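The structure appears right after this line, and notes come after that.
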Amino acid sequence: MPDYLTTRELADLLRIGERKVYDLAATGEVPHVRAVGKLLFPRADVIAWLNASREGPVVAQPPLPPILAGSHDPLLDWALRESGSGLASFYDGSFDGLDRLAARSAQAAGLHIREDNGWNRDALCAALGEAPVVLVEIARRQRGLLLAPGVEDITGFADLRGRRVVMRQDSAAGQRQFIDRLAAAGLDATDIRPLPARARTEEELAITLHDGKADAGFGLGALSGLFGLRFVPLLEERFDLAVWRRAWFDPPLQKLMAFLASPACAARAQEMGGYDLTGLGSIHHNGASG
């Protein structure tokens with residue numbers, strides 16, 4: 001849904017006639033704005049208005065399990081352990097993380113889904129609508145081709161023809177980006193030699209390359225120095241955490257976020273390389289319904 005609703009869209013949402021919508025606006029009962037002679041209704045304000053009108057008993061919600069799902073990030077994974085937050089992790093890709101958030105089987109999920117106008121927000125809204133989920137930035141990360149030791153003749157996707165490539169699982173946003181970039185280079189999976197075993201995390205991908213089992217993989221620059229790999233940077237991506245708002249203020253998430261903002265974490269990010277923490281803590285979406 002758009003950020004601003006027309007009278008027809010609001011009428012459909014409320015299941016009333018457009019005439020009634022005009023009446024609600026005229027009496028100031030429903031939040032609205034007038035721009036260039038047109039009546040528009042801010043979606044977030046409308047949903048908040050509906051929630052404020054809710055009557056009847058409050059239904060208790062079951063507790064969310066203390067699990068962080070979604071995409072694996074080596075800095076976040078390190079912070080999860082060092083912070084003593086008590087959160088467990090289950091990394092199986094950004095899209096799996098969205099499914100687990102929607103099923104309420106995780107408190108938070110790491111995401112790096114590339115979209116036409118940015119990162120993660122459209123996919124989050126498509127999966128959870130206006131559910132009370134916060135999208136908070138963790139870092140900007142360098143992503144590109146990681147190359148096994150001794151591989152010097154790969155400078156881009158076009159050079160992957162006939163080469164051994166370690167792939168990620170289909171629920172990983174990096175794998176979907178990889179397929180798109182492969183196609184943009186005029187190649188598909190039949191033009192490369194993908195390993196039969198998929199790397200479930202960024203670290204597994206780097207280890208596979210370090211062990212010489214593949215020539216290249218689409219991964220994070222932060223792992224190149226740790227595993228002695230050559231790195232061909234191709235893009236900067238935004239890595240966010242999508243967090244259920246009712247878990248955001250609980251001790252586990254607060255402890256993790258406080259540690260991520262600490263000098264120790266900044267030093268670790270600088271040591272690893274490939275991270276920009278300037279936007280850490282920036283909110284890119286805040287679901288309206290409660």
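By convention in this document, the chains of the structure tokens carry letters A, B, ... by their order, each chain's residues are numbered from 1, and ligands are numbered from 1 in the order they are shown.
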Hey, which bits of stretch 103-182 of chain A sit within 10 Å of stretch 187-191 of chain A, and for each residue what's the closest pair of atoms and how far apart in Å (one decimal), counting only C-alpha atoms, rows by chain and increasing number, as a Markdown table?
```
| residue | atom | partner | partner_atom | distance |
| --- | --- | --- | --- | --- |
| A:Phe157 | CA | A:Leu187 | CA | 8.4 |
| A:Ala158 | CA | A:Leu187 | CA | 7.5 |
| A:Asp159 | CA | A:Leu187 | CA | 10.0 |
| A:Leu160 | CA | A:Asp191 | CA | 8.0 |
| A:Arg161 | CA | A:Asp191 | CA | 5.3 |
| A:Gly162 | CA | A:Asp191 | CA | 6.0 |
| A:Arg163 | CA | A:Asp191 | CA | 8.4 |
| A:Val165 | CA | A:Ala189 | CA | 9.8 |
| A:Ile179 | CA | A:Asp188 | CA | 7.4 |
| A:Asp180 | CA | A:Asp188 | CA | 9.2 |
| A:Arg181 | CA | A:Leu187 | CA | 8.7 |
| A:Leu182 | CA | A:Leu187 | CA | 5.3 |
```
Residue selection dump (all heavy atoms) as a short mmCIF file (atom, residue, chain, number, x, y, z; two decimals), in the first residue's frame:
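That gives us out.cif:
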```cif
data_model
loop_
_atom_site.label_atom_id
_atom_site.label_comp_id
_atom_site.auth_asym_id
_atom_site.auth_seq_id
_atom_site.Cartn_x
_atom_site.Cartn_y
_atom_site.Cartn_z
N PHE A 157 31.98 -10.82 -13.06
CA PHE A 157 31.12 -11.97 -13.30
C PHE A 157 31.37 -12.63 -14.65
O PHE A 157 31.22 -13.84 -14.78
CB PHE A 157 29.66 -11.56 -13.16
CG PHE A 157 29.12 -11.71 -11.77
CD1 PHE A 157 29.50 -10.82 -10.76
CD2 PHE A 157 28.28 -12.74 -11.44
CE1 PHE A 157 29.03 -10.97 -9.47
CE2 PHE A 157 27.80 -12.91 -10.15
CZ PHE A 157 28.18 -12.02 -9.16
N ALA A 158 31.75 -11.85 -15.65
CA ALA A 158 31.99 -12.42 -16.97
C ALA A 158 33.12 -13.45 -16.94
O ALA A 158 33.16 -14.35 -17.79
CB ALA A 158 32.30 -11.32 -17.97
N ASP A 159 34.02 -13.33 -15.97
CA ASP A 159 35.16 -14.26 -15.87
C ASP A 159 34.82 -15.55 -15.14
O ASP A 159 35.70 -16.40 -14.96
CB ASP A 159 36.32 -13.57 -15.15
CG ASP A 159 36.83 -12.35 -15.88
OD1 ASP A 159 36.85 -12.38 -17.13
OD2 ASP A 159 37.19 -11.36 -15.21
N LEU A 160 33.56 -15.72 -14.72
CA LEU A 160 33.19 -16.93 -14.00
C LEU A 160 32.87 -18.10 -14.91
O LEU A 160 32.67 -19.23 -14.43
CB LEU A 160 31.97 -16.65 -13.10
CG LEU A 160 32.18 -15.66 -11.95
CD1 LEU A 160 30.90 -15.50 -11.14
CD2 LEU A 160 33.33 -16.10 -11.04
N ARG A 161 32.80 -17.88 -16.20
CA ARG A 161 32.49 -18.97 -17.13
C ARG A 161 33.48 -20.12 -16.95
O ARG A 161 34.69 -19.94 -17.00
CB ARG A 161 32.53 -18.48 -18.58
CG ARG A 161 32.08 -19.53 -19.58
CD ARG A 161 32.25 -19.03 -21.01
NE ARG A 161 31.42 -17.86 -21.28
CZ ARG A 161 30.15 -17.93 -21.67
NH1 ARG A 161 29.57 -19.11 -21.83
NH2 ARG A 161 29.46 -16.82 -21.91
N GLY A 162 32.93 -21.31 -16.70
CA GLY A 162 33.76 -22.51 -16.56
C GLY A 162 34.47 -22.65 -15.23
O GLY A 162 35.19 -23.63 -15.02
N ARG A 163 34.25 -21.70 -14.30
CA ARG A 163 34.97 -21.75 -13.04
C ARG A 163 34.13 -22.43 -11.95
O ARG A 163 32.90 -22.45 -11.99
CB ARG A 163 35.33 -20.33 -12.57
CG ARG A 163 36.09 -19.51 -13.59
CD ARG A 163 37.37 -20.20 -14.08
NE ARG A 163 38.39 -20.28 -13.06
CZ ARG A 163 39.41 -19.43 -12.96
NH1 ARG A 163 39.53 -18.42 -13.84
NH2 ARG A 163 40.32 -19.58 -12.03
N VAL A 165 32.37 -22.48 -8.60
CA VAL A 165 31.75 -21.41 -7.81
C VAL A 165 30.99 -22.02 -6.64
O VAL A 165 30.23 -22.96 -6.81
CB VAL A 165 30.79 -20.57 -8.68
CG1 VAL A 165 30.13 -19.48 -7.84
CG2 VAL A 165 31.53 -19.95 -9.87
N ILE A 179 22.49 -14.57 -8.84
CA ILE A 179 21.82 -15.03 -10.06
C ILE A 179 21.51 -13.84 -10.98
O ILE A 179 21.69 -13.91 -12.20
CB ILE A 179 20.52 -15.80 -9.71
CG1 ILE A 179 20.86 -17.09 -8.95
CG2 ILE A 179 19.72 -16.11 -10.97
CD1 ILE A 179 21.73 -18.07 -9.71
N ASP A 180 21.07 -12.73 -10.39
CA ASP A 180 20.76 -11.53 -11.19
C ASP A 180 22.01 -10.99 -11.87
O ASP A 180 21.99 -10.62 -13.05
CB ASP A 180 20.14 -10.45 -10.31
CG ASP A 180 18.74 -10.79 -9.85
OD1 ASP A 180 18.12 -11.70 -10.46
OD2 ASP A 180 18.25 -10.16 -8.90
N ARG A 181 23.11 -10.94 -11.15
CA ARG A 181 24.35 -10.41 -11.72
C ARG A 181 24.95 -11.37 -12.75
O ARG A 181 25.57 -10.94 -13.72
CB ARG A 181 25.36 -10.11 -10.60
CG ARG A 181 25.00 -8.86 -9.83
CD ARG A 181 25.98 -8.54 -8.72
NE ARG A 181 25.68 -7.23 -8.17
CZ ARG A 181 26.26 -6.09 -8.55
NH1 ARG A 181 27.22 -6.12 -9.46
NH2 ARG A 181 25.92 -4.94 -8.01
N LEU A 182 24.77 -12.66 -12.51
CA LEU A 182 25.23 -13.63 -13.50
C LEU A 182 24.49 -13.43 -14.81
O LEU A 182 25.09 -13.43 -15.89
CB LEU A 182 25.00 -15.04 -12.95
CG LEU A 182 25.78 -16.19 -13.59
CD1 LEU A 182 27.28 -16.03 -13.35
CD2 LEU A 182 25.30 -17.53 -13.04
#
```
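Neighbours of A:Leu146 closer than or equal to 9 Å, with only C-alpha atoms counted and sequence neighbours fewer than 5 positions away skipped, come out as Leu205, Ala206, Leu209, Asp215, Ala216, Gly217, Phe218, Gly219, Leu220, Gly221, Leu223, Ser224, Leu229, Arg230, Phe231, Val232 and Pro233 of chain A.
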Write out as JSON lines a residue-level contact list of stretch 123-182 of chain A versus stretch 260-281 of chain A with cut-off 12 Å: for each qualifying residue the closest pair of atoms and the distance in Å to one decimal, counting only C-alpha atoms, rows sorted by chain and residue number upward.
```
{"residue": "A:Val134", "atom": "CA", "partner": "A:Gly281", "partner_atom": "CA", "distance": 10.8}
{"residue": "A:Leu135", "atom": "CA", "partner": "A:Gly281", "partner_atom": "CA", "distance": 9.3}
{"residue": "A:Val136", "atom": "CA", "partner": "A:Gly281", "partner_atom": "CA", "distance": 5.6}
{"residue": "A:Glu137", "atom": "CA", "partner": "A:Leu280", "partner_atom": "CA", "distance": 5.3}
{"residue": "A:Ile138", "atom": "CA", "partner": "A:Leu280", "partner_atom": "CA", "distance": 4.7}
{"residue": "A:Ala139", "atom": "CA", "partner": "A:Leu277", "partner_atom": "CA", "distance": 4.8}
{"residue": "A:Arg140", "atom": "CA", "partner": "A:Asp276", "partner_atom": "CA", "distance": 5.0}
{"residue": "A:Arg141", "atom": "CA", "partner": "A:Tyr275", "partner_atom": "CA", "distance": 4.8}
{"residue": "A:Gln142", "atom": "CA", "partner": "A:Gly274", "partner_atom": "CA", "distance": 5.1}
{"residue": "A:Arg143", "atom": "CA", "partner": "A:Gly274", "partner_atom": "CA", "distance": 8.1}
{"residue": "A:Gly144", "atom": "CA", "partner": "A:Gly274", "partner_atom": "CA", "distance": 10.6}
```
Quick one: everything within 6 Å of A:Tyr91, counting only C-alpha atoms, minus sequence neighbours fewer than 6 positions away in the same chain. Send it as an MDAnalysis selection string.
chainID A and resid 69:72
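The space separating atom CA of A:Glu204 from atom CA of A:Asp73 comes to 11.5 Å.
Every residue of stretch 80-112 of chain A found in alpha helix (DSSP H) when DSSP is run on the backbone appears here: A:Leu80, A:Arg81, A:Glu82, A:Ser94, A:Phe95, A:Asp96, A:Gly97, A:Leu98, A:Asp99, A:Arg100, A:Leu101, A:Ala102.
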Residues within 12 Å of A:Asp99, only C-alpha atoms, excluding chain neighbours under 3 positions, as a count of residues only
24
